[in-house]
>>> print(open('run.txt').read())   # compact mmCIF, C-alpha atoms
# COMPACT_ATOMS: atom_id res chain seq x y z
CA MET A 1 -45.25 67.04 -33.11
CA ARG A 2 -43.05 68.96 -30.70
CA ASN A 3 -39.53 67.59 -30.43
CA GLY A 4 -37.74 66.68 -27.21
CA ARG A 5 -40.80 65.25 -25.50
CA SER A 6 -39.79 63.06 -22.53
CA LYS A 7 -41.78 59.85 -22.19
CA LEU A 8 -42.50 59.15 -18.54
CA ALA A 9 -42.05 55.66 -17.22
CA VAL A 10 -45.13 56.10 -15.08
CA LEU A 11 -47.62 55.90 -17.97
CA ALA A 12 -48.89 52.75 -16.36
CA ALA A 13 -50.35 54.96 -13.64
CA ILE A 14 -52.96 56.44 -15.98
CA PRO A 15 -55.51 53.67 -15.31
CA LEU A 16 -55.50 54.76 -11.67
CA LEU A 17 -57.64 57.69 -12.79
CA ALA A 18 -60.53 55.36 -13.56
CA THR A 19 -62.06 55.99 -10.17
CA ALA A 20 -60.89 59.56 -9.68
CA CYS A 21 -63.35 62.44 -9.32
CA GLY A 22 -66.47 60.27 -9.49
CA GLY A 23 -67.16 56.75 -10.64
CA GLY A 24 -68.65 54.75 -13.43
CA GLY A 25 -69.06 55.44 -17.10
CA ASP A 26 -67.25 54.30 -20.21
CA THR A 27 -65.27 56.96 -22.01
CA GLY A 28 -64.77 54.78 -25.07
CA ASP A 29 -61.47 54.34 -26.85
CA GLY A 30 -62.07 56.33 -30.03
CA ALA A 31 -60.91 53.29 -32.00
CA ASP A 32 -62.79 54.29 -35.14
CA GLY A 33 -60.37 57.21 -35.47
CA ASN A 34 -63.07 59.69 -36.42
CA GLY A 35 -63.52 61.80 -33.32
CA GLY A 36 -66.69 62.13 -31.33
CA ASP A 37 -69.21 61.97 -34.18
CA GLY A 38 -68.79 58.28 -34.98
CA GLY A 39 -67.18 58.57 -38.40
CA GLU A 40 -68.61 61.78 -39.93
CA GLN A 41 -65.95 63.81 -41.72
CA LEU A 42 -66.08 67.45 -40.67
CA SER A 43 -64.91 70.68 -42.23
CA ALA A 44 -64.26 73.71 -40.06
CA SER A 45 -61.69 76.31 -39.02
CA LEU A 46 -61.39 77.03 -35.29
CA THR A 47 -59.38 79.51 -33.26
CA GLY A 48 -58.71 79.12 -29.54
CA ALA A 49 -56.60 81.23 -27.21
CA GLY A 50 -55.40 81.19 -23.65
CA ALA A 51 -53.16 79.33 -21.27
CA SER A 52 -49.58 78.39 -22.10
CA PHE A 53 -49.76 75.82 -19.27
CA PRO A 54 -51.33 73.14 -21.55
CA ASP A 55 -49.82 74.40 -24.82
CA PRO A 56 -47.39 71.47 -25.37
CA LEU A 57 -50.30 69.06 -25.01
CA PHE A 58 -52.76 71.10 -27.05
CA GLN A 59 -50.34 71.47 -29.97
CA ASP A 60 -49.69 67.72 -30.09
CA LEU A 61 -53.40 66.95 -29.79
CA ILE A 62 -54.26 69.36 -32.59
CA TYR A 63 -51.54 67.91 -34.83
CA THR A 64 -52.69 64.33 -34.25
CA TYR A 65 -56.38 65.17 -34.64
CA ASN A 66 -55.82 67.02 -37.91
CA SER A 67 -53.45 64.35 -39.27
CA ASP A 68 -55.24 61.16 -38.21
CA VAL A 69 -58.83 61.96 -37.24
CA GLN A 70 -60.38 64.98 -38.97
CA PRO A 71 -58.12 66.39 -41.71
CA GLY A 72 -60.86 68.84 -42.68
CA VAL A 73 -60.75 70.60 -39.31
CA GLN A 74 -58.09 73.28 -38.88
CA ILE A 75 -57.46 74.42 -35.29
CA ASN A 76 -55.25 77.37 -34.39
CA TYR A 77 -54.54 77.51 -30.65
CA GLN A 78 -52.79 80.70 -29.60
CA SER A 79 -50.77 80.39 -26.40
CA VAL A 80 -51.22 83.97 -25.23
CA GLY A 81 -51.67 83.36 -21.50
CA SER A 82 -54.83 82.78 -19.49
CA GLY A 83 -55.58 86.45 -18.94
CA ALA A 84 -55.53 87.27 -22.64
CA GLY A 85 -57.41 84.06 -23.43
CA VAL A 86 -60.28 84.93 -21.10
CA GLU A 87 -60.33 88.48 -22.47
CA GLN A 88 -60.53 87.25 -26.06
CA PHE A 89 -63.24 84.74 -25.15
CA LEU A 90 -65.35 87.43 -23.49
CA GLU A 91 -64.76 89.70 -26.49
CA GLN A 92 -65.89 86.82 -28.76
CA THR A 93 -62.83 87.01 -31.01
CA VAL A 94 -62.07 83.28 -30.60
CA ASP A 95 -64.15 80.10 -30.78
CA PHE A 96 -62.95 78.83 -27.40
CA GLY A 97 -60.88 80.11 -24.50
CA SER A 98 -58.57 78.39 -22.04
CA SER A 99 -57.37 79.13 -18.51
CA GLU A 100 -56.09 77.51 -15.31
CA GLU A 101 -58.65 79.58 -13.42
CA TYR A 102 -62.33 78.92 -13.99
CA LEU A 103 -64.72 81.69 -14.96
CA ASP A 104 -66.29 83.04 -11.78
CA ASP A 105 -69.90 84.17 -11.55
CA GLU A 106 -68.99 87.73 -12.60
CA ASP A 107 -67.17 86.46 -15.70
CA LEU A 108 -70.08 84.17 -16.58
CA ALA A 109 -72.53 87.05 -16.26
CA ALA A 110 -70.33 89.22 -18.52
CA ALA A 111 -70.13 86.40 -21.09
CA GLU A 112 -73.90 85.94 -21.10
CA GLU A 113 -74.53 89.66 -21.48
CA ALA A 114 -72.05 89.94 -24.36
CA ARG A 115 -73.22 86.86 -26.29
CA GLY A 116 -76.87 86.72 -25.34
CA CYS A 117 -76.59 83.14 -24.09
CA VAL A 118 -74.93 81.11 -21.35
CA ALA A 119 -71.22 80.25 -21.52
CA VAL A 120 -70.01 76.68 -21.00
CA GLN A 121 -66.87 75.79 -19.04
CA PHE A 122 -65.31 72.43 -18.27
CA PRO A 123 -61.92 71.04 -17.15
CA VAL A 124 -59.92 69.01 -19.68
CA VAL A 125 -56.70 67.98 -17.90
CA PHE A 126 -54.79 68.18 -14.63
CA GLY A 127 -51.19 69.35 -14.42
CA ALA A 128 -48.40 70.38 -12.06
CA VAL A 129 -46.61 73.68 -11.61
CA VAL A 130 -42.97 73.00 -10.72
CA ILE A 131 -40.20 75.05 -9.16
CA ALA A 132 -37.34 74.78 -11.64
CA PHE A 133 -33.62 75.62 -11.76
CA ASP A 134 -30.88 75.49 -14.37
CA ASN A 135 -28.55 73.53 -12.07
CA GLU A 136 -28.65 69.74 -12.13
CA ASP A 137 -27.04 69.61 -8.66
CA LEU A 138 -30.26 71.13 -7.30
CA ASN A 139 -32.55 68.47 -8.77
CA GLY A 140 -34.76 67.20 -5.95
CA LEU A 141 -34.02 70.19 -3.69
CA VAL A 142 -36.71 70.16 -1.01
CA LEU A 143 -38.74 73.33 -0.60
CA ASP A 144 -42.00 74.09 1.19
CA ALA A 145 -44.57 76.83 0.79
CA GLU A 146 -42.92 79.07 3.39
CA THR A 147 -39.47 78.97 1.78
CA ILE A 148 -40.90 79.52 -1.70
CA ALA A 149 -42.89 82.51 -0.45
CA GLN A 150 -39.80 83.96 1.25
CA ILE A 151 -37.76 83.53 -1.95
CA TYR A 152 -40.34 85.46 -3.98
CA ASP A 153 -40.61 88.09 -1.24
CA GLY A 154 -36.83 88.63 -1.21
CA GLN A 155 -36.34 87.31 2.32
CA ILE A 156 -34.31 84.30 1.13
CA THR A 157 -31.64 85.32 -1.37
CA SER A 158 -29.23 82.35 -1.62
CA PHE A 159 -29.55 78.60 -1.95
CA ASP A 160 -27.58 77.99 1.27
CA ASP A 161 -29.99 80.03 3.37
CA PRO A 162 -30.55 78.33 6.77
CA ALA A 163 -34.26 77.78 6.02
CA ILE A 164 -33.40 75.84 2.85
CA ALA A 165 -30.51 74.04 4.55
CA GLU A 166 -32.85 72.82 7.29
CA LEU A 167 -35.03 71.15 4.65
CA ASN A 168 -31.99 69.64 2.91
CA PRO A 169 -29.59 68.43 5.65
CA ASP A 170 -27.81 65.98 3.31
CA LEU A 171 -27.13 68.43 0.47
CA ASP A 172 -24.04 70.61 0.03
CA LEU A 173 -25.91 73.72 -1.01
CA PRO A 174 -24.25 76.34 -3.23
CA SER A 175 -23.98 79.91 -2.02
CA ASP A 176 -25.29 81.18 -5.37
CA GLU A 177 -27.65 84.13 -5.31
CA ILE A 178 -31.24 83.16 -6.16
CA ILE A 179 -32.80 85.09 -9.04
CA PRO A 180 -36.58 84.50 -8.84
CA VAL A 181 -38.39 84.52 -12.20
CA HIS A 182 -42.14 85.10 -12.56
CA ARG A 183 -44.73 85.46 -15.31
CA SER A 184 -45.07 89.02 -16.52
CA ASP A 185 -48.29 88.37 -18.45
CA GLY A 186 -51.74 87.42 -17.17
CA SER A 187 -51.25 83.76 -16.41
CA GLY A 188 -53.20 80.77 -15.17
CA THR A 189 -49.88 79.26 -14.10
CA THR A 190 -49.42 82.29 -11.85
CA TYR A 191 -52.92 81.73 -10.52
CA VAL A 192 -52.16 78.09 -9.60
CA PHE A 193 -48.83 79.10 -8.04
CA SER A 194 -50.18 82.08 -6.09
CA HIS A 195 -53.32 80.21 -5.02
CA TYR A 196 -51.11 77.51 -3.52
CA LEU A 197 -49.02 80.06 -1.61
CA SER A 198 -52.10 82.00 -0.45
CA THR A 199 -53.68 78.80 0.83
CA GLU A 200 -50.54 77.71 2.70
CA VAL A 201 -48.91 80.96 3.87
CA ASP A 202 -51.05 83.52 5.68
CA TRP A 203 -48.70 86.47 5.27
CA TRP A 204 -48.43 85.81 1.53
CA ALA A 205 -52.22 85.90 1.25
CA ASP A 206 -52.25 89.26 3.03
CA GLU A 207 -49.29 90.76 1.13
CA TYR A 208 -49.71 89.39 -2.40
CA GLY A 209 -52.90 87.35 -2.62
CA GLU A 210 -53.70 85.21 -5.64
CA GLY A 211 -54.56 85.86 -9.26
CA LYS A 212 -53.38 85.75 -12.84
CA GLU A 213 -51.26 88.86 -12.22
CA LEU A 214 -49.55 90.00 -9.01
CA ASP A 215 -47.76 93.10 -7.77
CA TRP A 216 -44.40 91.35 -7.35
CA ALA A 217 -41.55 92.33 -5.04
CA ASP A 218 -38.67 94.39 -6.42
CA GLY A 219 -35.65 92.66 -7.93
CA LEU A 220 -37.45 89.77 -9.65
CA VAL A 221 -37.16 88.84 -13.33
CA GLY A 222 -40.30 88.63 -15.49
CA GLY A 223 -40.93 86.39 -18.49
CA GLN A 224 -43.73 86.12 -21.04
CA GLN A 225 -45.55 82.76 -20.89
CA ASN A 226 -44.00 79.52 -19.65
CA ASP A 227 -41.34 79.67 -22.38
CA GLY A 228 -40.30 83.12 -21.19
CA VAL A 229 -39.97 81.98 -17.58
CA ALA A 230 -37.91 78.96 -18.68
CA GLN A 231 -35.63 81.30 -20.62
CA GLY A 232 -35.36 83.59 -17.61
CA ILE A 233 -34.24 80.63 -15.53
CA THR A 234 -31.59 79.47 -17.99
CA GLN A 235 -30.28 82.94 -18.84
CA ASN A 236 -29.76 84.08 -15.24
CA PRO A 237 -27.23 82.23 -13.06
CA GLY A 238 -29.13 81.23 -9.94
CA GLY A 239 -32.43 81.48 -11.78
CA LEU A 240 -35.45 79.89 -10.08
CA GLY A 241 -38.96 79.99 -11.47
CA TYR A 242 -42.37 78.34 -11.66
CA VAL A 243 -43.40 76.64 -14.90
CA ASN A 244 -45.65 73.86 -16.08
CA GLN A 245 -44.03 70.45 -15.66
CA SER A 246 -43.95 69.81 -19.41
CA PHE A 247 -41.93 72.95 -20.06
CA ALA A 248 -39.40 71.93 -17.39
CA GLN A 249 -39.11 68.49 -19.02
CA GLU A 250 -38.55 69.91 -22.49
CA ALA A 251 -36.02 72.49 -21.27
CA GLY A 252 -34.11 69.87 -19.24
CA LEU A 253 -34.48 71.89 -16.03
CA ALA A 254 -33.91 70.54 -12.53
CA VAL A 255 -37.01 70.64 -10.32
CA ALA A 256 -37.70 70.85 -6.61
CA SER A 257 -39.56 68.36 -4.47
CA ILE A 258 -42.31 70.20 -2.59
CA VAL A 259 -43.45 69.35 0.93
CA ASN A 260 -47.16 68.52 0.86
CA GLU A 261 -49.87 68.76 3.52
CA ASP A 262 -48.66 65.57 5.23
CA GLY A 263 -45.10 66.88 5.50
CA THR A 264 -43.82 64.62 2.71
CA PRO A 265 -41.45 65.98 0.03
CA ILE A 266 -43.05 65.03 -3.30
CA GLU A 267 -41.32 64.96 -6.68
CA PRO A 268 -43.48 66.33 -9.52
CA THR A 269 -44.31 63.18 -11.50
CA LEU A 270 -47.36 61.98 -13.38
CA GLU A 271 -48.16 59.65 -10.50
CA ALA A 272 -48.00 62.54 -8.03
CA THR A 273 -50.26 64.71 -10.22
CA ILE A 274 -52.75 61.84 -10.47
CA ALA A 275 -52.69 61.47 -6.68
CA ALA A 276 -53.40 65.20 -6.29
CA SER A 277 -56.27 65.08 -8.78
CA GLU A 278 -57.89 62.19 -6.92
CA GLU A 279 -58.39 64.43 -3.87
CA VAL A 280 -60.58 66.89 -5.79
CA GLU A 281 -64.30 67.15 -5.18
CA VAL A 282 -65.63 68.58 -8.45
CA PRO A 283 -68.98 70.41 -8.08
CA ASP A 284 -71.68 70.53 -10.72
CA ASN A 285 -70.55 73.97 -11.93
CA PHE A 286 -66.91 72.78 -12.36
CA GLN A 287 -65.60 75.67 -10.23
CA PHE A 288 -62.90 74.13 -8.02
CA ALA A 289 -59.28 74.33 -6.91
CA ILE A 290 -56.84 71.63 -5.77
CA ASP A 291 -55.99 72.45 -2.14
CA ASN A 292 -54.42 70.81 0.91
CA VAL A 293 -52.91 67.90 -1.02
CA GLY A 294 -51.51 65.11 1.15
CA GLY A 295 -50.61 61.46 0.75
CA GLU A 296 -48.49 60.89 -2.35
CA GLY A 297 -49.92 63.95 -4.09
CA TYR A 298 -47.85 66.82 -5.45
CA PRO A 299 -49.22 70.00 -3.84
CA ILE A 300 -48.86 72.66 -6.58
CA ALA A 301 -51.40 71.20 -8.97
CA GLY A 302 -54.17 72.66 -11.06
CA SER A 303 -56.56 72.05 -13.91
CA ASN A 304 -57.13 73.65 -17.28
CA TRP A 305 -60.61 74.80 -18.29
CA ILE A 306 -62.02 75.30 -21.78
CA PHE A 307 -64.76 77.89 -22.42
CA THR A 308 -67.39 77.82 -25.18
CA TYR A 309 -70.86 79.31 -25.73
CA THR A 310 -74.32 77.80 -26.05
CA CYS A 311 -75.11 79.94 -29.12
CA GLY A 312 -73.63 81.96 -31.92
CA TYR A 313 -71.53 79.40 -33.81
CA ASP A 314 -71.93 78.20 -37.36
CA GLN A 315 -73.09 74.61 -36.90
CA ALA A 316 -69.98 73.25 -38.63
CA ASN A 317 -67.75 75.00 -36.10
CA ALA A 318 -69.90 73.89 -33.18
CA ASP A 319 -69.75 70.29 -34.40
CA ALA A 320 -65.97 70.54 -34.71
CA ILE A 321 -65.54 71.98 -31.21
CA ILE A 322 -67.57 69.15 -29.71
CA ASP A 323 -65.86 66.52 -31.84
CA PHE A 324 -62.31 67.67 -31.10
CA TRP A 325 -62.69 67.96 -27.35
CA THR A 326 -64.67 64.71 -27.11
CA TRP A 327 -61.84 62.98 -28.95
CA ALA A 328 -59.19 64.68 -26.78
CA LEU A 329 -60.96 63.59 -23.60
CA THR A 330 -61.91 60.02 -24.53
CA ASP A 331 -59.57 58.63 -27.18
CA GLU A 332 -56.98 56.30 -25.67
CA SER A 333 -54.12 57.66 -27.79
CA ALA A 334 -55.00 61.22 -26.79
CA ARG A 335 -55.07 60.27 -23.11
CA ASP A 336 -51.72 58.49 -23.48
CA LEU A 337 -50.29 61.59 -25.12
CA ALA A 338 -51.31 63.64 -22.10
CA GLY A 339 -49.48 61.21 -19.81
CA GLU A 340 -46.33 61.30 -21.92
CA LEU A 341 -46.14 65.05 -21.37
CA GLY A 342 -46.80 64.82 -17.64
CA TYR A 343 -50.49 65.82 -17.65
CA ALA A 344 -53.09 63.68 -15.87
CA PRO A 345 -56.22 62.89 -17.91
CA LEU A 346 -59.62 63.19 -16.25
CA GLY A 347 -61.11 60.14 -14.56
CA GLU A 348 -63.89 58.28 -16.33
CA GLY A 349 -66.74 59.59 -14.18
CA LEU A 350 -65.57 63.18 -14.53
CA THR A 351 -65.02 62.68 -18.27
CA ASP A 352 -68.65 61.61 -18.69
CA ARG A 353 -69.81 64.74 -16.90
CA VAL A 354 -67.50 66.98 -18.93
CA VAL A 355 -68.59 65.52 -22.28
CA ALA A 356 -72.23 66.11 -21.32
CA GLU A 357 -71.37 69.73 -20.52
CA LEU A 358 -69.33 70.14 -23.70
CA GLU A 359 -72.32 68.99 -25.77
CA LYS A 360 -74.23 72.08 -24.61
CA THR A 361 -72.03 74.10 -27.02
CA ASN A 362 -74.37 75.91 -29.45
CA SER A 363 -77.37 74.07 -27.96
CA ALA A 364 -79.38 77.31 -27.72
CA ASN A 365 -78.55 78.41 -31.27
>>> encode(input="run.txt", output="structure tokens")
Amino acid sequence: MRNGRSKLAVLAAIPLLATACGGGGDTGDGADGNGGDGGEQLSASLTGAGASFPDPLFQDLIYTYNSDVQPGVQINYQSVGSGAGVEQFLEQTVDFGSSEEYLDDEDLAAAEEARGCVAVQFPVVFGAVVIAFDNEDLNGLVLDAETIAQIYDGQITSFDDPAIAELNPDLDLPSDEIIPVHRSDGSGTTYVFSHYLSTEVDWWADEYGEGKELDWADGLVGGQQNDGVAQGITQNPGGLGYVNQSFAQEAGLAVASIVNEDGTPIEPTLEATIAASEEVEVPDNFQFAIDNVGGEGYPIAGSNWIFTYTCGYDQANADAIIDFWTWALTDESARDLAGELGYAPLGEGLTDRVVAELEKTNSAN
């Protein structure tokens, strides 16, 4: 298990997801402790690659699954970033890929042409991207999409800028220079972050757009993966960067409250991520984004997708892929683990749909 994991007091909020993203269905509790195949002991070796956004969760899930559920299944998840994960999946050098951006129709067509069968994609968890600082006095600093965009464009260069001061009338803001830190690798976290800004700020959409990689303004600091951004924040006085909530927790970073669609500053908590996920309408093809979040929802939220194929696996590996992800999605201890790390599990109705999609893995073999 990873050390330093912060247990959130809001774990009790997880049951709220029971009606999120569709209704009905029983996910089961995995009480038999043998994964999704009802007790069969499996033997396989799997490799996955992709997003660092869910890496703290994936590593703990893999450890628990291998220790307590299926000791014969070895899973190596490589946190190489969403861009590299999608590339390796399309090149068929891994058993499954992972990204915070779904495969679009062009990607799906490329996957089918390369493999000779249809690819499968499905969301597995919701999470928040936070704006973090290495200054406890800034914890709870209120920012909105416009101020964040201006910081990353170089228009706002200090924490006491009038635009930030207007959002924080009761704070004595430092005059420290802001050093913005961004992902320098292809990143689903960057996609979630830039999609949020592109949706909320017209000039950002025109100037920078959205994607796993951007042409950033001059004077910014780059970091590889979420760990690299966290290091960039802590190693540069005045550092400010966007990371997955779990990485901010583990690094002990202060985080901003972000103004949502209803004009409410929202702290990035599990409850707020759950509230954001409940606003999602998930289509049959699982291609969606979390936009225009209001109410009690945290606005910079996204999902993580897993990619597999409907053919080409040894049956033992296909069985292990289905078993592991079914367990991760439905077992109560696995869902609790997600909440401890600040990720919101899927609602029951959506989980049923995802498991049905997952079971298409290797179905055409």
>>> residues_around(input="run.txt", residues="Ser277 in chain A", least_positions_apart="6", cutoff="10 Å", atoms="all atoms listed in the file", output="list in words")
Leu17, Ala20, Cys21, Val125, Phe126, Gly127, Glu271, Ala289, Ile290, Asp291, Val293, Gly297, Tyr298, Pro299, Ala301, Gly302, Ser303, Ala344, Pro345, Leu346 and Gly347 of chain A
>>> closest_residue(input="run.txt", among="A:Asn168, A:Asn226, A:Ser45, A:Thr351", to="Thr326 in chain A", atoms="only C-alpha atoms")
A:Thr351
>>> atom_distance(input="run.txt", atom1="CA of Val243 in chain A", atom2="CA of Gly294 in chain A")
21.4 Å
>>> residues_around(input="run.txt", residues="Asp105 in chain A", least_positions_apart="5", cutoff="10 Å", atoms="all atoms listed in the file", output="PyMOL selection string")
chain A and resi 110-111+287
>>> atom_distance(input="run.txt", atom1="CA of Leu90 in chain A", atom2="CA of Asp284 in chain A")
22.1 Å
>>> closest_residue(input="run.txt", among="A:Lys212, A:Arg335, A:His182, A:Arg115", to="Gly228 in chain A", atoms="only C-alpha atoms")
A:His182
>>> residues_around(input="run.txt", residues="Gly83 in chain A", least_positions_apart="5", cutoff="9 Å", atoms="all atoms listed in the file", output="ChimeraX atom specification")
/A:50-51,88,99,185-188,212-213
>>> write_last_selection(input="run.txt", atoms="C-alpha atoms", output="PDB file, in the coordinates of the input")
ATOM      1  CA  GLY A  50     -55.400  81.190 -23.650  1.00  0.00           C
ATOM      2  CA  ALA A  51     -53.160  79.330 -21.270  1.00  0.00           C
ATOM      3  CA  GLN A  88     -60.530  87.250 -26.060  1.00  0.00           C
ATOM      4  CA  SER A  99     -57.370  79.130 -18.510  1.00  0.00           C
ATOM      5  CA  ASP A 185     -48.290  88.370 -18.450  1.00  0.00           C
ATOM      6  CA  GLY A 186     -51.740  87.420 -17.170  1.00  0.00           C
ATOM      7  CA  SER A 187     -51.250  83.760 -16.410  1.00  0.00           C
ATOM      8  CA  GLY A 188     -53.200  80.770 -15.170  1.00  0.00           C
ATOM      9  CA  LYS A 212     -53.380  85.750 -12.840  1.00  0.00           C
ATOM     10  CA  GLU A 213     -51.260  88.860 -12.220  1.00  0.00           C
TER      11      GLU A 213
END
>>> closest_residue(input="run.txt", among="A:Thr273, A:Ala165, A:Leu253, A:Gly219", to="Glu296 in chain A", atoms="all atoms listed in the file")
A:Thr273
>>> atom_distance(input="run.txt", atom1="CA of Ile75 in chain A", atom2="CA of Ile62 in chain A")
6.6 Å
>>> residues_around(input="run.txt", residues="Ile300 in chain A", least_positions_apart="4", cutoff="8 Å", atoms="only C-alpha atoms", output="list in words")
Ala128, Val129, Val130, Val192, Phe193 and Tyr196 of chain A
>>> closest_residue(input="run.txt", among="A:Asp215, A:Glu278, A:Glu40, A:Glu146", to="Leu197 in chain A", atoms="all atoms listed in the file")
A:Glu146
>>> closest_residue(input="run.txt", among="A:Ser175, A:Leu141, A:Gln59, A:Glu348", to="Pro265 in chain A", atoms="only C-alpha atoms")
A:Leu141
>>> closest_residue(input="run.txt", among="A:Asn260, A:Thr157, A:Thr189, A:Asn362", to="Ala316 in chain A", atoms="all atoms listed in the file")
A:Asn362
>>> build_atoms(input="run.txt", residues="range 189-205 of chain A", atoms="N, CA, C and O atoms", output="CSV table (one decimal), in the frame of the given file")
chain,number,residue,atom,x,y,z
A,189,THR,N,-51.0,79.9,-14.9
A,189,THR,CA,-49.9,79.3,-14.1
A,189,THR,C,-49.6,80.1,-12.9
A,189,THR,O,-49.4,79.5,-11.8
A,190,THR,N,-49.6,81.4,-13.0
A,190,THR,CA,-49.4,82.3,-11.8
A,190,THR,C,-50.6,82.1,-10.9
A,190,THR,O,-50.4,82.1,-9.6
A,191,TYR,N,-51.8,82.0,-11.4
A,191,TYR,CA,-52.9,81.7,-10.5
A,191,TYR,C,-52.7,80.5,-9.7
A,191,TYR,O,-52.9,80.5,-8.5
A,192,VAL,N,-52.4,79.3,-10.3
A,192,VAL,CA,-52.2,78.1,-9.6
A,192,VAL,C,-51.1,78.3,-8.5
A,192,VAL,O,-51.2,77.8,-7.4
A,193,PHE,N,-50.0,78.9,-8.9
A,193,PHE,CA,-48.8,79.1,-8.0
A,193,PHE,C,-49.2,80.0,-6.9
A,193,PHE,O,-49.0,79.7,-5.7
A,194,SER,N,-49.8,81.1,-7.2
A,194,SER,CA,-50.2,82.1,-6.1
A,194,SER,C,-51.3,81.6,-5.2
A,194,SER,O,-51.4,81.9,-4.0
A,195,HIS,N,-52.3,80.8,-5.8
A,195,HIS,CA,-53.3,80.2,-5.0
A,195,HIS,C,-52.7,79.2,-4.0
A,195,HIS,O,-53.2,79.2,-2.8
A,196,TYR,N,-51.8,78.4,-4.4
A,196,TYR,CA,-51.1,77.5,-3.5
A,196,TYR,C,-50.5,78.3,-2.4
A,196,TYR,O,-50.7,77.9,-1.2
A,197,LEU,N,-49.7,79.3,-2.7
A,197,LEU,CA,-49.0,80.1,-1.6
A,197,LEU,C,-50.0,80.8,-0.7
A,197,LEU,O,-49.9,80.8,0.5
A,198,SER,N,-51.1,81.3,-1.3
A,198,SER,CA,-52.1,82.0,-0.4
A,198,SER,C,-52.8,81.0,0.5
A,198,SER,O,-53.2,81.4,1.6
A,199,THR,N,-53.0,79.8,0.0
A,199,THR,CA,-53.7,78.8,0.8
A,199,THR,C,-52.8,78.3,2.0
A,199,THR,O,-53.3,78.1,3.1
A,200,GLU,N,-51.5,78.3,1.7
A,200,GLU,CA,-50.5,77.7,2.7
A,200,GLU,C,-49.8,78.7,3.6
A,200,GLU,O,-49.4,78.4,4.7
A,201,VAL,N,-49.7,80.0,3.1
A,201,VAL,CA,-48.9,81.0,3.9
A,201,VAL,C,-49.8,82.2,4.1
A,201,VAL,O,-50.1,83.0,3.2
A,202,ASP,N,-50.1,82.4,5.4
A,202,ASP,CA,-51.0,83.5,5.7
A,202,ASP,C,-50.5,84.9,5.3
A,202,ASP,O,-51.2,85.7,4.7
A,203,TRP,N,-49.2,85.1,5.6
A,203,TRP,CA,-48.7,86.5,5.3
A,203,TRP,C,-48.6,86.7,3.8
A,203,TRP,O,-48.8,87.9,3.3
A,204,TRP,N,-48.4,85.6,3.0
A,204,TRP,CA,-48.4,85.8,1.5
A,204,TRP,C,-49.8,86.2,1.1
A,204,TRP,O,-50.0,87.1,0.2
A,205,ALA,N,-50.8,85.6,1.6
A,205,ALA,CA,-52.2,85.9,1.2
A,205,ALA,C,-52.5,87.4,1.5
A,205,ALA,O,-53.2,88.0,0.8
